[in-house]
$ cat coords-v3.cif   # mmCIF, C-alpha atoms
data_input
loop_
_atom_site.label_atom_id
_atom_site.label_comp_id
_atom_site.auth_asym_id
_atom_site.auth_seq_id
_atom_site.Cartn_x
_atom_site.Cartn_y
_atom_site.Cartn_z
CA MET A 1 187.32 217.12 127.81
CA LEU A 2 185.00 216.93 124.90
CA SER A 3 181.45 217.03 126.17
CA PRO A 4 178.92 216.53 123.41
CA ILE A 5 175.94 218.18 125.10
CA GLY A 6 177.14 221.25 126.90
CA SER A 7 177.55 220.55 130.59
CA PHE A 8 175.09 217.66 130.73
CA THR A 9 176.59 214.57 132.30
CA PRO A 10 174.92 211.28 131.37
CA ILE A 11 173.94 209.09 134.30
CA ALA A 12 175.80 205.97 133.16
CA THR A 13 179.51 206.10 133.66
CA GLN A 14 180.37 204.38 130.38
CA PRO A 15 179.50 207.24 127.99
CA THR A 16 182.26 209.38 129.38
CA ILE A 17 184.74 206.92 127.95
CA ALA A 18 183.67 207.78 124.41
CA PRO A 19 184.30 211.54 124.60
CA ALA A 20 187.60 210.89 126.36
CA ARG A 21 188.69 208.64 123.52
CA LEU A 22 187.66 211.16 120.92
CA ASP A 23 189.84 213.62 122.77
CA ARG A 24 192.78 211.23 122.81
CA ALA A 25 192.25 210.29 119.19
CA ALA A 26 192.18 213.92 118.14
CA ALA A 27 195.24 214.90 120.14
CA PRO A 28 197.72 212.63 118.33
CA ALA A 29 196.56 214.13 115.04
CA THR A 30 197.91 217.53 115.99
CA THR A 31 201.26 216.09 116.97
CA GLN A 32 201.39 213.94 113.84
CA SER A 33 202.62 216.60 111.51
CA THR A 34 205.15 217.95 113.96
CA SER A 35 206.58 214.86 115.64
CA ALA A 36 208.70 212.08 114.24
CA LEU A 37 207.43 209.43 111.88
CA SER A 38 206.99 207.03 114.81
CA GLY A 39 204.09 209.17 116.11
CA ALA A 40 202.28 208.77 112.83
CA HIS A 41 202.80 205.03 112.90
CA GLU A 42 201.44 204.81 116.44
CA PHE A 43 198.34 206.66 115.55
CA GLY A 44 197.90 204.69 112.36
CA ASN A 45 198.03 201.51 114.42
CA LEU A 46 195.50 202.88 116.84
CA PHE A 47 193.08 203.64 114.08
CA THR A 48 193.65 200.31 112.36
CA LYS A 49 192.95 198.56 115.64
CA LEU A 50 189.73 200.53 115.96
CA VAL A 51 188.69 199.54 112.47
CA ASP A 52 189.47 195.91 113.22
CA GLN A 53 187.46 195.93 116.40
CA VAL A 54 184.50 197.52 114.69
CA ASP A 55 184.77 194.93 111.96
CA SER A 56 184.76 192.09 114.46
CA THR A 57 181.64 193.42 116.20
CA GLN A 58 179.98 193.68 112.79
CA GLN A 59 180.91 190.08 112.04
CA ALA A 60 179.66 188.87 115.41
CA ALA A 61 176.38 190.65 114.75
CA ALA A 62 176.17 189.05 111.31
CA VAL A 63 176.72 185.59 112.78
CA GLU A 64 174.04 186.08 115.45
CA THR A 65 171.56 187.46 112.92
CA GLN A 66 172.15 184.57 110.58
CA LYS A 67 171.52 182.11 113.39
CA VAL A 68 168.15 183.69 114.06
CA MET A 69 167.27 183.84 110.39
CA LEU A 70 168.10 180.17 109.85
CA GLY A 71 166.14 179.18 112.92
CA GLN A 72 169.17 177.79 114.69
CA THR A 73 168.52 179.69 117.87
CA GLY A 74 165.60 181.17 119.75
CA GLN A 75 167.66 183.88 121.44
CA LEU A 76 166.35 186.86 119.59
CA HIS A 77 167.68 189.29 122.18
CA ASN A 78 171.30 188.32 121.58
CA ALA A 79 170.97 189.13 117.89
CA MET A 80 169.25 192.46 118.63
CA ILE A 81 171.88 193.47 121.17
CA SER A 82 174.78 192.57 118.84
CA LEU A 83 173.15 194.53 116.03
CA GLN A 84 172.82 197.60 118.23
CA GLU A 85 176.34 197.21 119.59
CA SER A 86 177.88 196.92 116.14
CA SER A 87 175.96 199.89 114.83
CA LEU A 88 177.07 201.89 117.86
CA ALA A 89 180.69 200.87 117.31
CA LEU A 90 180.44 201.92 113.69
CA GLY A 91 178.89 205.20 114.80
CA MET A 92 181.77 205.86 117.12
CA MET A 93 184.28 205.15 114.39
CA VAL A 94 182.46 207.55 112.11
CA GLU A 95 182.57 210.25 114.76
CA VAL A 96 186.30 209.66 115.31
CA ARG A 97 186.83 210.02 111.59
CA ASN A 98 184.80 213.21 111.51
CA LYS A 99 186.79 214.72 114.34
CA LEU A 100 190.02 213.73 112.64
CA VAL A 101 188.99 215.32 109.39
CA GLU A 102 187.90 218.42 111.25
CA SER A 103 191.17 218.75 113.12
CA TYR A 104 193.12 218.14 109.92
CA GLN A 105 191.21 220.91 108.23
CA GLU A 106 191.87 223.15 111.23
CA LEU A 107 195.55 222.40 110.85
CA MET A 108 195.51 223.22 107.20
CA ARG A 109 193.84 226.50 107.93
CA MET A 110 196.52 227.58 110.38
CA PRO A 111 198.63 230.28 108.96
CA VAL A 112 202.21 229.05 108.84
CA MET B 1 188.92 200.25 122.48
CA ILE B 2 185.42 199.24 121.53
CA ASP B 3 185.28 196.51 124.15
CA ALA B 4 185.58 198.99 126.96
CA ILE B 5 182.22 200.44 125.99
CA TYR B 6 180.40 197.19 126.63
CA SER B 7 182.07 196.03 129.78
CA GLY B 8 179.72 197.71 132.24
CA GLN B 9 178.81 195.22 134.94
CA ASN B 10 175.08 195.79 134.90
CA TYR B 11 175.01 195.60 131.14
CA GLN B 12 176.73 192.21 131.05
CA LEU B 13 174.61 190.93 133.91
CA ALA B 14 171.44 192.04 132.16
CA ARG B 15 172.42 190.16 129.02
CA GLN B 16 172.94 186.98 131.00
CA MET B 17 169.75 187.35 132.96
CA MET B 18 167.89 187.72 129.68
CA ASP B 19 169.08 184.28 128.65
CA ALA B 20 167.91 182.86 131.96
CA THR B 21 164.56 184.63 131.70
CA VAL B 22 163.89 183.23 128.23
CA LEU B 23 164.80 179.77 129.49
CA ARG B 24 162.43 180.12 132.42
CA HIS B 25 159.64 181.21 130.09
CA GLN B 26 160.14 178.06 128.06
CA ALA B 27 160.12 175.95 131.24
CA LEU B 28 156.87 177.58 132.40
CA ALA B 29 155.36 177.02 128.96
CA ALA B 30 156.22 173.33 129.13
CA ASN B 31 154.76 173.12 132.65
CA ILE B 32 151.49 174.73 131.62
CA ALA B 33 151.18 172.53 128.55
CA ASN B 34 151.69 169.46 130.73
CA ALA B 35 149.39 170.57 133.54
CA GLU B 36 147.21 167.51 133.07
CA THR B 37 149.73 164.91 132.02
CA PRO B 38 149.94 162.04 134.47
CA GLY B 39 153.20 161.82 136.34
CA TYR B 40 154.69 165.03 134.96
CA LYS B 41 157.05 166.90 137.28
CA ARG B 42 157.44 170.61 136.81
CA VAL B 43 160.75 172.03 135.62
CA ASP B 44 162.29 175.43 136.22
CA VAL B 45 165.64 177.21 136.01
CA SER B 46 167.77 175.62 138.71
CA PRO B 47 167.77 177.81 141.83
CA SER B 48 171.54 177.58 142.08
CA PHE B 49 171.85 179.87 139.05
CA ALA B 50 171.43 183.00 141.16
CA THR B 51 173.96 181.92 143.76
CA GLN B 52 176.43 180.77 141.12
CA LEU B 53 176.14 184.07 139.33
CA ARG B 54 176.67 186.04 142.51
CA SER B 55 179.71 184.06 143.62
CA ALA B 56 181.24 184.19 140.13
CA LEU B 57 180.75 187.94 140.10
CA GLU B 58 182.47 188.31 143.46
CA ARG B 59 185.30 186.05 142.36
CA GLY B 60 186.27 187.44 139.03
CA GLY B 61 183.87 190.12 137.90
CA THR B 62 182.01 189.87 134.63
CA ALA B 63 184.68 187.69 133.03
CA GLU B 64 183.78 184.91 135.45
CA SER B 65 180.08 185.52 135.64
CA SER B 66 179.62 185.41 131.88
CA LYS B 67 180.61 181.74 131.96
CA VAL B 68 177.69 180.78 134.21
CA GLN B 69 174.84 179.33 132.21
CA ALA B 70 171.30 178.81 133.33
CA GLN B 71 170.19 175.20 133.43
CA LEU B 72 166.81 173.57 133.66
CA ALA B 73 166.16 171.29 136.58
CA GLU B 74 163.20 169.46 138.03
CA ASP B 75 161.75 171.46 140.85
CA ALA B 76 162.46 169.38 143.93
CA MET B 77 160.31 171.50 146.19
CA ALA B 78 157.02 171.16 144.34
CA LYS B 79 154.64 168.73 145.95
CA ALA B 80 152.26 166.49 144.03
CA VAL B 81 148.79 167.99 143.71
CA ARG B 82 147.14 165.16 141.84
CA PRO B 83 146.92 161.46 142.56
CA ASP B 84 148.75 160.65 139.33
CA GLY B 85 151.89 162.42 140.55
CA ASN B 86 151.55 165.58 138.47
CA ASN B 87 152.82 168.50 140.53
CA VAL B 88 151.90 171.47 138.35
CA GLU B 89 149.73 174.16 139.93
CA ILE B 90 148.41 176.18 137.05
CA GLU B 91 147.76 179.34 139.05
CA LYS B 92 151.34 179.42 140.27
CA GLU B 93 152.65 178.88 136.76
CA LEU B 94 150.53 181.69 135.36
CA LEU B 95 151.63 184.09 138.09
CA ALA B 96 155.25 183.16 137.52
CA LEU B 97 154.72 183.73 133.80
CA GLY B 98 153.54 187.28 134.42
CA LYS B 99 156.37 188.01 136.79
CA ASN B 100 158.87 186.62 134.30
CA SER B 101 157.52 188.82 131.53
CA THR B 102 157.92 191.90 133.68
CA GLU B 103 161.44 190.88 134.56
CA PHE B 104 162.28 190.50 130.89
CA ASN B 105 160.87 193.96 130.19
CA PHE B 106 163.01 195.39 132.96
CA LEU B 107 166.16 193.73 131.66
CA SER B 108 165.53 194.92 128.14
CA GLN B 109 165.05 198.43 129.53
CA VAL B 110 168.41 198.22 131.33
CA VAL B 111 170.17 197.20 128.14
CA SER B 112 168.25 199.70 126.02
CA THR B 113 169.02 202.60 128.30
CA ASP B 114 172.70 201.80 128.26
CA ILE B 115 172.74 201.63 124.48
CA ARG B 116 170.77 204.84 124.16
CA ASN B 117 173.07 206.67 126.53
CA LEU B 118 176.08 205.51 124.57
CA ARG B 119 174.53 206.66 121.35
CA MET B 120 173.77 210.01 122.93
CA ALA B 121 177.35 210.35 124.07
CA ILE B 122 178.81 209.32 120.73
CA THR B 123 176.64 211.30 118.37
CA GLY B 124 175.87 214.21 120.63
CA LYS B 125 172.22 214.02 119.74
CA SER B 126 169.72 213.32 122.47
CA ALA B 127 167.10 211.65 120.26
CA MET C 1 163.37 176.84 119.36
CA ASP C 2 161.53 179.66 117.85
CA ILE C 3 161.64 183.43 117.88
CA ILE C 4 158.63 183.43 120.15
CA PRO C 5 159.78 181.52 123.20
CA GLY C 6 157.68 178.74 124.57
CA ILE C 7 155.55 178.40 121.47
CA GLU C 8 156.21 174.73 120.77
CA SER C 9 155.02 173.63 124.20
CA ALA C 10 152.06 175.95 123.97
CA THR C 11 151.10 174.69 120.52
CA GLY C 12 151.15 171.09 121.74
CA GLY C 13 149.09 172.10 124.74
CA LEU C 14 146.56 173.98 122.63
CA GLN C 15 146.12 171.05 120.27
CA ALA C 16 145.80 168.57 123.10
CA GLN C 17 143.21 170.67 124.93
CA ARG C 18 141.33 171.25 121.70
CA THR C 19 141.12 167.50 121.13
CA ARG C 20 139.92 167.09 124.70
CA LEU C 21 137.23 169.72 124.16
CA ASP C 22 136.11 167.99 120.98
CA VAL C 23 135.83 164.66 122.78
CA ILE C 24 133.89 166.21 125.66
CA ALA C 25 131.52 167.88 123.19
CA GLN C 26 131.02 164.54 121.51
CA ASN C 27 130.30 162.89 124.85
CA ILE C 28 127.74 165.51 125.75
CA ALA C 29 126.08 165.28 122.36
CA ASN C 30 125.81 161.50 122.66
CA ALA C 31 124.63 161.41 126.26
CA GLN C 32 121.36 159.85 125.22
CA THR C 33 122.50 157.65 122.37
CA THR C 34 121.31 154.17 123.22
CA ARG C 35 122.33 152.56 119.98
CA GLY C 36 125.75 153.36 118.53
CA THR C 37 127.33 152.13 115.31
CA ASN C 38 128.11 148.79 116.90
CA GLY C 39 124.61 148.32 118.21
CA LYS C 40 125.60 148.99 121.79
CA PRO C 41 124.96 152.17 123.77
CA TYR C 42 127.46 155.00 123.27
CA ALA C 43 130.59 154.57 125.35
CA ARG C 44 132.07 157.70 126.87
CA GLN C 45 135.42 158.59 125.28
CA VAL C 46 138.38 159.53 127.43
CA VAL C 47 141.44 161.40 126.25
CA SER C 48 144.84 160.56 127.73
CA PHE C 49 147.86 162.81 127.50
CA GLU C 50 151.49 162.03 127.40
CA THR C 51 154.64 164.07 127.14
CA GLU C 52 156.73 164.35 124.01
CA LEU C 53 160.23 165.69 123.63
CA ILE C 54 160.55 169.10 122.05
CA LYS C 55 163.35 169.39 119.54
CA ARG C 56 165.85 171.90 120.75
CA MET C 57 167.90 173.58 118.08
CA GLY C 58 171.37 174.66 119.01
CA ASP C 59 170.55 176.29 122.31
CA SER C 60 172.55 175.88 125.48
CA VAL C 61 172.15 172.33 126.64
CA ALA C 62 169.69 171.78 129.45
CA SER C 63 168.63 168.74 131.34
CA PRO C 64 165.98 167.52 131.77
CA ALA C 65 164.89 168.30 128.24
CA LEU C 66 161.80 170.35 127.73
CA ARG C 67 158.71 168.31 127.08
CA GLY C 68 155.48 169.21 125.42
CA VAL C 69 152.23 167.32 125.55
CA LYS C 70 150.29 165.32 123.03
CA VAL C 71 147.25 163.15 123.02
CA SER C 72 148.39 159.55 123.33
CA ALA C 73 145.05 157.85 122.87
CA VAL C 74 141.31 158.32 122.89
CA THR C 75 139.88 155.30 124.66
CA SER C 76 136.42 154.21 125.67
CA ASP C 77 135.35 154.27 129.25
CA PRO C 78 134.60 150.61 129.99
CA ARG C 79 132.24 151.27 132.89
CA GLN C 80 128.64 150.45 132.39
CA GLY C 81 126.09 153.19 132.27
CA PRO C 82 122.85 153.35 134.20
CA VAL C 83 120.10 150.97 133.32
CA VAL C 84 116.68 152.54 133.12
CA HIS C 85 113.37 150.81 133.07
CA ASN C 86 111.50 152.12 130.04
CA PRO C 87 109.51 149.47 128.16
CA SER C 88 108.24 151.89 125.53
CA HIS C 89 111.73 152.77 124.36
CA PRO C 90 112.55 151.28 120.93
CA ASP C 91 115.88 149.99 122.28
CA ALA C 92 114.43 148.34 125.37
CA ASP C 93 115.47 144.76 125.88
CA ALA C 94 113.21 141.83 126.75
CA GLN C 95 112.69 142.99 130.36
CA GLY C 96 111.96 146.57 129.33
CA PHE C 97 115.33 147.90 130.51
CA VAL C 98 117.30 150.41 128.45
CA HIS C 99 121.08 150.66 128.83
CA MET C 100 121.98 154.33 128.81
CA PRO C 101 125.43 155.65 127.92
CA ASN C 102 127.80 156.09 130.82
CA VAL C 103 128.01 159.83 130.31
CA ASN C 104 127.59 161.82 133.52
CA MET C 105 126.59 165.36 132.59
CA ALA C 106 128.00 166.95 135.71
CA MET C 107 131.38 165.35 135.22
CA GLU C 108 131.45 166.33 131.57
CA MET C 109 130.69 169.95 132.43
CA VAL C 110 133.46 170.05 135.03
CA ASP C 111 135.81 168.52 132.49
CA LEU C 112 134.72 171.10 129.95
CA ILE C 113 135.50 173.97 132.28
CA SER C 114 138.85 172.49 133.18
CA ALA C 115 139.76 171.97 129.53
CA THR C 116 138.75 175.54 128.69
CA ARG C 117 140.86 176.88 131.54
CA ALA C 118 143.86 174.86 130.37
CA TYR C 119 143.34 176.11 126.83
CA GLU C 120 143.29 179.71 128.03
CA ALA C 121 146.40 179.14 130.11
CA ASN C 122 148.25 177.98 127.02
CA LEU C 123 146.96 181.03 125.17
CA SER C 124 148.40 183.33 127.80
CA VAL C 125 151.75 181.56 127.40
CA VAL C 126 151.71 182.42 123.71
CA LYS C 127 150.68 185.98 124.46
CA ALA C 128 153.48 186.44 127.01
CA GLY C 129 156.01 184.95 124.59
CA ARG C 130 154.88 187.27 121.83
CA GLU C 131 155.20 190.30 124.09
CA MET C 132 158.69 189.24 125.07
CA ALA C 133 159.72 188.98 121.43
CA ALA C 134 158.18 192.40 120.71
CA LYS C 135 160.12 193.89 123.60
CA CYS C 136 163.28 192.31 122.20
CA LEU C 137 162.83 194.14 118.92
CA GLU C 138 162.72 197.45 120.74
CA ILE C 139 166.08 197.09 122.38
CA GLY C 140 168.19 200.19 121.90
CA ARG C 141 165.54 202.28 120.22
#
$ encode --input "coords-v3.cif" --output "structure tokens"
Amino acid sequence: MLSPIGSFTPIATQPTIAPARLDRAAAPATTQSTSALSGAHEFGNLFTKLVDQVDSTQQAAAVETQKVMLGQTGQLHNAMISLQESSLALGMMVEVRNKLVESYQELMRMPV
Amino acid sequence: MIDAIYSGQNYQLARQMMDATVLRHQALAANIANAETPGYKRVDVSPSFATQLRSALERGGTAESSKVQAQLAEDAMAKAVRPDGNNVEIEKELLALGKNSTEFNFLSQVVSTDIRNLRMAITGKSA
Amino acid sequence: MDIIPGIESATGGLQAQRTRLDVIAQNIANAQTTRGTNGKPYARQVVSFETELIKRMGDSVASPALRGVKVSAVTSDPRQGPVVHNPSHPDADAQGFVHMPNVNMAMEMVDLISATRAYEANLSVVKAGREMAAKCLEIGR
């Protein structure tokens, strides 16, 4: 399993989901070039879903922030939390993309 | 996929408690402002909020508990301290204010730590 | 509702207590005024408070609604002040009695302390609210 910081295990249980997903996201990439077209479609859907979800968190954050800016709500913490969540989701998507690009480059480097 | 990251029970609970804490702060502020108004009865977050939250959590997890909302209610247990019916004791309100602030700090720490841990896991950097 | 929670109630409270302080200061200053603008001795002013509804903007509905405080009226205390026998006073009446204002120094001082304490309590509400908002901004950092 991908472990970002050596053997260090974070205390919260949630973070381990992220590395596991990176692992799963990277694995289909290696099978993409070798398996049937359906594999590629599956993975494409997975990534599209990820992009959609990130987009929706970004939109939710935008809505909350606008409410605070226009003085419609006094719940500053909701806006702050949504901002952090959406930036974190975007960060995860960026990392997934990086890993994908890396594994693709690895593939290309393999002597056939 | 993203939703799984933010479904930790404590995280969701902390977000809800923050709403309740802000509401209580506003109630305490109103009580303190009206400490000398004749006939004013102190308000607070209704004490059933905690029990409702707990039972909703046991019933259906965070999906149920996120529907519980904190409400303001007149404090039925406060007794009148002045002849004009005003039942606000300023010392109690100030102490509750301090306690509430600390609780809010704690909740924001809970949420912050979760977010920081996630960021650490995602980016691999510990800063 | 505002970014700093509780600030509308606290603002109303601060203004109301400030008015009360001003009135008390005026009472103390005029404790010896035997002839006011209407020719009669100064009448002690009393401030009365009442609640006012705070406008809530788009937050989760709550009942009873939050209420702030405002000064409803500044009225004169109708009680008569002490009557002192002092024939040499310029405002003495035919019998040599002077009607003094009905301002009791001890009561005014107690009122002053109580108003100051209430003012400081409202200040600590604002301070606590500001700290909460500052903590909010540090979430996730």
$ interface_residues --input "coords-v3.cif" --of "chain B" --to "chain C" --cutoff "9 Å" --atoms "only C-alpha atoms" --output "PDB file with C-alpha atoms, in the coordinates of the input"
ATOM      1  CA  VAL B  22     163.890 183.230 128.230  1.00  0.00           C
ATOM      2  CA  LEU B  23     164.800 179.770 129.490  1.00  0.00           C
ATOM      3  CA  HIS B  25     159.640 181.210 130.090  1.00  0.00           C
ATOM      4  CA  GLN B  26     160.140 178.060 128.060  1.00  0.00           C
ATOM      5  CA  ALA B  27     160.120 175.950 131.240  1.00  0.00           C
ATOM      6  CA  LEU B  28     156.870 177.580 132.400  1.00  0.00           C
ATOM      7  CA  ALA B  29     155.360 177.020 128.960  1.00  0.00           C
ATOM      8  CA  ALA B  30     156.220 173.330 129.130  1.00  0.00           C
ATOM      9  CA  ASN B  31     154.760 173.120 132.650  1.00  0.00           C
ATOM     10  CA  ILE B  32     151.490 174.730 131.620  1.00  0.00           C
ATOM     11  CA  ALA B  33     151.180 172.530 128.550  1.00  0.00           C
ATOM     12  CA  ASN B  34     151.690 169.460 130.730  1.00  0.00           C
ATOM     13  CA  ALA B  35     149.390 170.570 133.540  1.00  0.00           C
ATOM     14  CA  GLU B  36     147.210 167.510 133.070  1.00  0.00           C
ATOM     15  CA  THR B  37     149.730 164.910 132.020  1.00  0.00           C
ATOM     16  CA  PRO B  38     149.940 162.040 134.470  1.00  0.00           C
ATOM     17  CA  TYR B  40     154.690 165.030 134.960  1.00  0.00           C
ATOM     18  CA  VAL B  43     160.750 172.030 135.620  1.00  0.00           C
ATOM     19  CA  GLN B  69     174.840 179.330 132.210  1.00  0.00           C
ATOM     20  CA  ALA B  70     171.300 178.810 133.330  1.00  0.00           C
ATOM     21  CA  GLN B  71     170.190 175.200 133.430  1.00  0.00           C
ATOM     22  CA  LEU B  72     166.810 173.570 133.660  1.00  0.00           C
ATOM     23  CA  ALA B  73     166.160 171.290 136.580  1.00  0.00           C
ATOM     24  CA  GLU B  74     163.200 169.460 138.030  1.00  0.00           C
ATOM     25  CA  ILE B  90     148.410 176.180 137.050  1.00  0.00           C
ATOM     26  CA  LEU B  94     150.530 181.690 135.360  1.00  0.00           C
ATOM     27  CA  LEU B  97     154.720 183.730 133.800  1.00  0.00           C
ATOM     28  CA  GLY B  98     153.540 187.280 134.420  1.00  0.00           C
ATOM     29  CA  SER B 101     157.520 188.820 131.530  1.00  0.00           C
ATOM     30  CA  PHE B 104     162.280 190.500 130.890  1.00  0.00           C
ATOM     31  CA  ASN B 105     160.870 193.960 130.190  1.00  0.00           C
ATOM     32  CA  SER B 108     165.530 194.920 128.140  1.00  0.00           C
ATOM     33  CA  GLN B 109     165.050 198.430 129.530  1.00  0.00           C
ATOM     34  CA  VAL B 111     170.170 197.200 128.140  1.00  0.00           C
ATOM     35  CA  SER B 112     168.250 199.700 126.020  1.00  0.00           C
ATOM     36  CA  THR B 113     169.020 202.600 128.300  1.00  0.00           C
ATOM     37  CA  ASP B 114     172.700 201.800 128.260  1.00  0.00           C
ATOM     38  CA  ILE B 115     172.740 201.630 124.480  1.00  0.00           C
ATOM     39  CA  ARG B 116     170.770 204.840 124.160  1.00  0.00           C
TER      40      ARG B 116
END
$ closest_residue --input "coords-v3.cif" --among "A:Glu102, A:Glu95, A:Glu42, A:Glu64" --to "Leu83 in chain A" --atoms "all atoms listed in the file"
A:Glu64
$ resolve_selection --input "coords-v3.cif" --expression "the PyMOL selection byres ((chain B) within 10 of (chain A))" --output "PyMOL selection string"
chain B and resi 1-8+15-16+18-19+22-23+108+111-126
$ write_last_selection --input "coords-v3.cif" --atoms "C-alpha atoms" --output "compact mmCIF listing (two decimals), keeping the file's coordinate frame"
# COMPACT_ATOMS: atom_id res chain seq x y z
CA MET B 1 188.92 200.25 122.48
CA ILE B 2 185.42 199.24 121.53
CA ASP B 3 185.28 196.51 124.15
CA ALA B 4 185.58 198.99 126.96
CA ILE B 5 182.22 200.44 125.99
CA TYR B 6 180.40 197.19 126.63
CA SER B 7 182.07 196.03 129.78
CA GLY B 8 179.72 197.71 132.24
CA ARG B 15 172.42 190.16 129.02
CA GLN B 16 172.94 186.98 131.00
CA MET B 18 167.89 187.72 129.68
CA ASP B 19 169.08 184.28 128.65
CA VAL B 22 163.89 183.23 128.23
CA LEU B 23 164.80 179.77 129.49
CA SER B 108 165.53 194.92 128.14
CA VAL B 111 170.17 197.20 128.14
CA SER B 112 168.25 199.70 126.02
CA THR B 113 169.02 202.60 128.30
CA ASP B 114 172.70 201.80 128.26
CA ILE B 115 172.74 201.63 124.48
CA ARG B 116 170.77 204.84 124.16
CA ASN B 117 173.07 206.67 126.53
CA LEU B 118 176.08 205.51 124.57
CA ARG B 119 174.53 206.66 121.35
CA MET B 120 173.77 210.01 122.93
CA ALA B 121 177.35 210.35 124.07
CA ILE B 122 178.81 209.32 120.73
CA THR B 123 176.64 211.30 118.37
CA GLY B 124 175.87 214.21 120.63
CA LYS B 125 172.22 214.02 119.74
CA SER B 126 169.72 213.32 122.47
$ atom_distance --input "coords-v3.cif" --atom1 "CA of Val110 in chain C" --atom2 "CA of Arg20 in chain C"
12.5 Å
$ axis_aligned_box --input "coords-v3.cif" --around "range 95-114 of chain B" --padding-each-side "6 Å" --output "JSON"
{"center_x": 162.2, "center_y": 192.9, "center_z": 132.1, "size_x": 33.1, "size_y": 31.4, "size_z": 24.1}
$ atom_distance --input "coords-v3.cif" --atom1 "CA of Gly39 in chain C" --atom2 "CA of Met109 in chain C"
26.6 Å
$ atom_distance --input "coords-v3.cif" --atom1 "CA of Gly36 in chain C" --atom2 "CA of His89 in chain C"
15.2 Å
$ residues_around --input "coords-v3.cif" --residues "Gly71 in chain A" --least-positions-apart "2" --cutoff "9 Å" --atoms "all atoms listed in the file" --output "short mmCIF file (atom, residue, chain, number, x, y, z; two decimals) with C-alpha atoms, in the coordinates of the input"
data_model
loop_
_atom_site.label_atom_id
_atom_site.label_comp_id
_atom_site.auth_asym_id
_atom_site.auth_seq_id
_atom_site.Cartn_x
_atom_site.Cartn_y
_atom_site.Cartn_z
CA GLN A 66 172.15 184.57 110.58
CA LYS A 67 171.52 182.11 113.39
CA VAL A 68 168.15 183.69 114.06
CA MET A 69 167.27 183.84 110.39
CA THR A 73 168.52 179.69 117.87
CA GLY A 74 165.60 181.17 119.75
CA MET C 1 163.37 176.84 119.36
CA ASP C 2 161.53 179.66 117.85
CA ILE C 3 161.64 183.43 117.88
CA MET C 57 167.90 173.58 118.08
#
$ residues_around --input "coords-v3.cif" --residues "Gln32 in chain C" --least-positions-apart "2" --cutoff "9 Å" --atoms "all atoms listed in the file" --output "list in words"
Ile28, Ala29, Asn30, Thr34, Pro41, Tyr42, Met100, Pro101 and Val103 of chain C
$ residues_near_point --input "coords-v3.cif" --point "(162.8, 170.5, 145.0)" --cutoff "10 Å" --atoms "only C-alpha atoms" --output "list in words"
Arg42, Val43, Ser46, Pro47, Ala73, Glu74, Asp75, Ala76, Met77, Ala78 and Lys79 of chain B
$ write_last_selection --input "coords-v3.cif" --atoms "C-alpha atoms" --output "short mmCIF file (atom, residue, chain, number, x, y, z; two decimals), in the frame of the given file"
data_model
loop_
_atom_site.label_atom_id
_atom_site.label_comp_id
_atom_site.auth_asym_id
_atom_site.auth_seq_id
_atom_site.Cartn_x
_atom_site.Cartn_y
_atom_site.Cartn_z
CA ARG B 42 157.44 170.61 136.81
CA VAL B 43 160.75 172.03 135.62
CA SER B 46 167.77 175.62 138.71
CA PRO B 47 167.77 177.81 141.83
CA ALA B 73 166.16 171.29 136.58
CA GLU B 74 163.20 169.46 138.03
CA ASP B 75 161.75 171.46 140.85
CA ALA B 76 162.46 169.38 143.93
CA MET B 77 160.31 171.50 146.19
CA ALA B 78 157.02 171.16 144.34
CA LYS B 79 154.64 168.73 145.95
#
$ closest_residue --input "coords-v3.cif" --among "A:Ala40, A:Val101, A:Leu70, A:Ala62" --to "chain C" --atoms "only C-alpha atoms"
A:Leu70
$ closest_residue --input "coords-v3.cif" --among "C:Leu53, C:Val47, C:Ala31, C:Leu21" --to "His99 in chain C" --atoms "all atoms listed in the file"
C:Ala31
$ closest_residue --input "coords-v3.cif" --among "A:Leu100, A:Ala79, A:Val112, A:Leu107" --to "chain C" --atoms "only C-alpha atoms"
A:Ala79
$ closest_residue --input "coords-v3.cif" --among "C:His85, C:Ala73, C:Arg130, C:Thr37" --to "chain A" --atoms "only C-alpha atoms"
C:Arg130
$ closest_residue --input "coords-v3.cif" --among "A:Asn98, A:Phe43, A:Gln72, A:Glu106" --to "chain C" --atoms "all atoms listed in the file"
A:Gln72
